[in-house]
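Notes follow once the structure below has been shown.
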Amino acid sequence: QVQLVESGGGLVQAGGSLRLSCAASGRTFSSYAMYWFRQAPGKEREFVAAIKWSGKSTYYADSVKGRFTISRDNAKNTVYLQMNSLKPEDTAVYYCTADRTYYSSGSGYSPRPTDFGSWGQGTQVTVSS
């Protein structure tokens, strides 16, 4: 199991950008698919983006498609989430998680928090209007 630490959150104006990072411990990082979720106040945690262990396949929630980009650097055991054209509704705590299963867009399945066993502490993203 990997240990995860998110960073890069902050306060940004609508239309701005942020890049989140998630550093993972362990020598088996490259065998895990990586995921980003977010949780806004009073709402359930929701799927944002996923990337396969090779980095060659990605999957996005419709709400962020075309604005967010997930990527990974297996040499650095790190996954990133580049967020552009941010909106106030993107305000949330962002979490990363990992699993050996990659839920692809072709599966028609939207990953749920209960599919995952370990989480980082999260990083706060606040978008002002």
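Going by the structure tokens order, chains are called A, B, ..., each with residues numbered from 1, while ligands are numbered from 1 in the order shown.
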
Check which residues of range 31-124 of chain A sit at most 6 Å from range 11-27 of chain A using only C-alpha atoms, and return one row each with the closest pair of atoms and their distance in Å to one decimal, ordered by chain and rising number, as CSV.
residue,atom,partner,partner_atom,distance
A:Asn77,CA,A:Ala24,CA,5.4
A:Thr78,CA,A:Ala23,CA,4.5
A:Val79,CA,A:Cys22,CA,5.2
A:Tyr80,CA,A:Ser21,CA,4.5
A:Leu81,CA,A:Leu20,CA,5.0
A:Gln82,CA,A:Arg19,CA,4.4
A:Met83,CA,A:Leu18,CA,5.2
A:Asn84,CA,A:Ser17,CA,4.4
A:Ser85,CA,A:Gly15,CA,4.2
A:Leu86,CA,A:Gly15,CA,4.9
A:Lys87,CA,A:Ala14,CA,5.0

| request: Excluding Gln1 in chain A and any residue of its chain fewer than 2 positions from it, enumerate the residues within 12 Å of it, using only C-alpha atoms, and give them as a list in words. | output: Gln3, Leu4, Ala24, Ser25, Gly26, Arg27, Thr28, Phe29, Ser31, Tyr32, Thr97, Ala98, Asp99, Arg100, Phe116, Gly117, Ser118 and Trp119 of chain A

Would you mind exporting the chosen residues as an mmCIF file, in the first residue's frame, restricted to C-alpha atoms?
data_model
loop_
_atom_site.group_PDB
_atom_site.id
_atom_site.type_symbol
_atom_site.label_atom_id
_atom_site.label_comp_id
_atom_site.auth_asym_id
_atom_site.auth_seq_id
_atom_site.Cartn_x
_atom_site.Cartn_y
_atom_site.Cartn_z
ATOM 1 C CA GLN A 3 1.318 6.490 1.506
ATOM 2 C CA LEU A 4 0.138 9.715 -0.130
ATOM 3 C CA ALA A 24 3.638 8.632 -2.969
ATOM 4 C CA SER A 25 5.938 6.459 -0.921
ATOM 5 C CA GLY A 26 6.914 2.935 -1.813
ATOM 6 C CA ARG A 27 8.743 1.238 -4.629
ATOM 7 C CA THR A 28 5.618 -0.017 -6.384
ATOM 8 C CA PHE A 29 4.162 3.373 -7.380
ATOM 9 C CA SER A 31 2.119 -0.432 -10.642
ATOM 10 C CA TYR A 32 -0.747 1.698 -9.293
ATOM 11 C CA THR A 97 -5.655 7.869 -3.939
ATOM 12 C CA ALA A 98 -4.265 4.773 -5.598
ATOM 13 C CA ASP A 99 -5.398 1.354 -6.694
ATOM 14 C CA ARG A 100 -4.032 -1.476 -8.797
ATOM 15 C CA PHE A 116 -10.316 2.892 -2.397
ATOM 16 C CA GLY A 117 -8.676 2.033 0.877
ATOM 17 C CA SER A 118 -6.142 4.776 1.564
ATOM 18 C CA TRP A 119 -6.118 8.524 1.124
#

| query | Which value, in Å to one decimal, gives the distance between CA of Phe37 in chain A and CA of Asp73 in chain A? | reply | 18.9 Å

| task | Output as an MDAnalysis selection string all residues of range 7-108 of chain A that backbone DSSP marks as strand (DSSP E). | result | chainID A and resid 7 10:13 18:24 33:39 46:51 58:60 68:73 78:83 92:99

Dump C-alpha atoms for the selected residues as a short mmCIF file (atom, residue, chain, number, x, y, z; two decimals), in the first residue's frame?
data_model
loop_
_atom_site.label_atom_id
_atom_site.label_comp_id
_atom_site.auth_asym_id
_atom_site.auth_seq_id
_atom_site.Cartn_x
_atom_site.Cartn_y
_atom_site.Cartn_z
CA SER A 7 0.25 19.69 -1.91
CA GLY A 10 -4.40 27.59 -2.37
CA LEU A 11 -6.62 30.57 -3.09
CA VAL A 12 -7.03 31.63 -6.71
CA GLN A 13 -9.39 33.87 -8.65
CA LEU A 18 -3.20 25.74 -9.91
CA ARG A 19 -1.13 22.58 -10.06
CA LEU A 20 -1.62 19.99 -7.38
CA SER A 21 0.95 17.33 -6.56
CA CYS A 22 0.60 14.02 -4.80
CA ALA A 23 3.79 12.35 -3.61
CA ALA A 24 3.64 8.63 -2.97
CA ALA A 33 -3.36 3.67 -11.16
CA MET A 34 -3.72 7.09 -9.52
CA TYR A 35 -6.86 9.07 -8.89
CA TRP A 36 -7.91 12.54 -7.81
CA PHE A 37 -11.15 13.13 -5.91
CA ARG A 38 -12.56 16.27 -4.32
CA GLN A 39 -14.98 17.08 -1.56
CA GLU A 46 -16.49 12.90 -5.98
CA PHE A 47 -14.24 11.55 -8.70
CA VAL A 48 -12.18 14.08 -10.66
CA ALA A 49 -9.55 12.30 -12.73
CA ALA A 50 -7.61 9.06 -13.12
CA ILE A 51 -4.41 7.95 -14.82
CA THR A 58 -6.54 9.13 -18.56
CA TYR A 59 -10.14 9.59 -17.49
CA TYR A 60 -11.94 12.75 -16.37
CA PHE A 68 -7.94 19.76 -15.85
CA THR A 69 -5.04 17.52 -16.83
CA ILE A 70 -3.75 14.60 -14.81
CA SER A 71 -0.18 13.39 -15.31
CA ARG A 72 2.42 11.36 -13.47
CA ASP A 73 6.16 11.01 -13.13
CA THR A 78 4.37 11.79 -8.07
CA VAL A 79 1.04 12.44 -9.74
CA TYR A 80 -0.09 15.92 -10.75
CA LEU A 81 -3.35 17.68 -11.43
CA GLN A 82 -3.05 20.80 -13.57
CA MET A 83 -6.20 22.86 -13.12
CA ALA A 92 -13.07 21.77 -2.46
CA VAL A 93 -10.51 19.70 -0.63
CA TYR A 94 -8.66 17.65 -3.22
CA TYR A 95 -7.46 14.14 -2.40
CA CYS A 96 -5.39 11.60 -4.24
CA THR A 97 -5.66 7.87 -3.94
CA ALA A 98 -4.27 4.77 -5.60
CA ASP A 99 -5.40 1.35 -6.69
#

| request: May I ask for the distance between CA of Gly66 in chain A and CA of Val5 in chain A, given in Å to one decimal place? | output: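 Between CA of Gly66 in chain A and CA of Val5 in chain A the gap works out to 25.5 Å.
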
| message | Under the rule that only C-alpha atoms are counted, which of A:Thr114, A:Thr91, A:Ser57, A:Ser30 is the nearest residue to Ser129 in chain A? | response |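 That would be A:Thr91, the residue with the smallest distance to Ser129 in chain A.
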
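DSSP on the backbone gives helix (DSSP H, G or I) for these parts of range 33-107 of chain A: Pro88, Glu89, Asp90, Ser105, Gly106 and Ser107 of chain A.
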
Can those selected residues be exported to a file as a CSV table (one decimal), in the first residue's frame so that it contains N, CA and C atoms?
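As written to disk, selection-v8.csv reads:
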chain,number,residue,atom,x,y,z
A,88,PRO,N,-15.6,28.9,-9.3
A,88,PRO,CA,-15.9,28.8,-7.9
A,88,PRO,C,-16.4,27.5,-7.5
A,89,GLU,N,-17.1,26.8,-8.4
A,89,GLU,CA,-17.6,25.4,-8.0
A,89,GLU,C,-16.5,24.4,-8.0
A,90,ASP,N,-15.3,24.7,-8.3
A,90,ASP,CA,-14.2,23.8,-8.1
A,90,ASP,C,-13.6,23.9,-6.7
A,105,SER,N,-12.4,5.3,-18.8
A,105,SER,CA,-13.7,5.9,-19.3
A,105,SER,C,-14.5,4.9,-20.1
A,106,GLY,N,-13.8,4.0,-20.8
A,106,GLY,CA,-14.5,3.1,-21.6
A,106,GLY,C,-15.3,2.1,-20.8
A,107,SER,N,-15.1,2.0,-19.5
A,107,SER,CA,-15.8,1.0,-18.7
A,107,SER,C,-17.2,1.6,-18.4

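The residue that comes closest to Asp115 in chain A, out of A:Gly8, A:Ala75, A:Val127, A:Tyr102 and on the basis of only C-alpha atoms, is A:Tyr102.
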
| task | Find the distance between CA of Gly55 in chain A and CA of Ser104 in chain A and write it in Å to one decimal. | result |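 Result for CA of Gly55 in chain A versus CA of Ser104 in chain A: 12.2 Å, one decimal.
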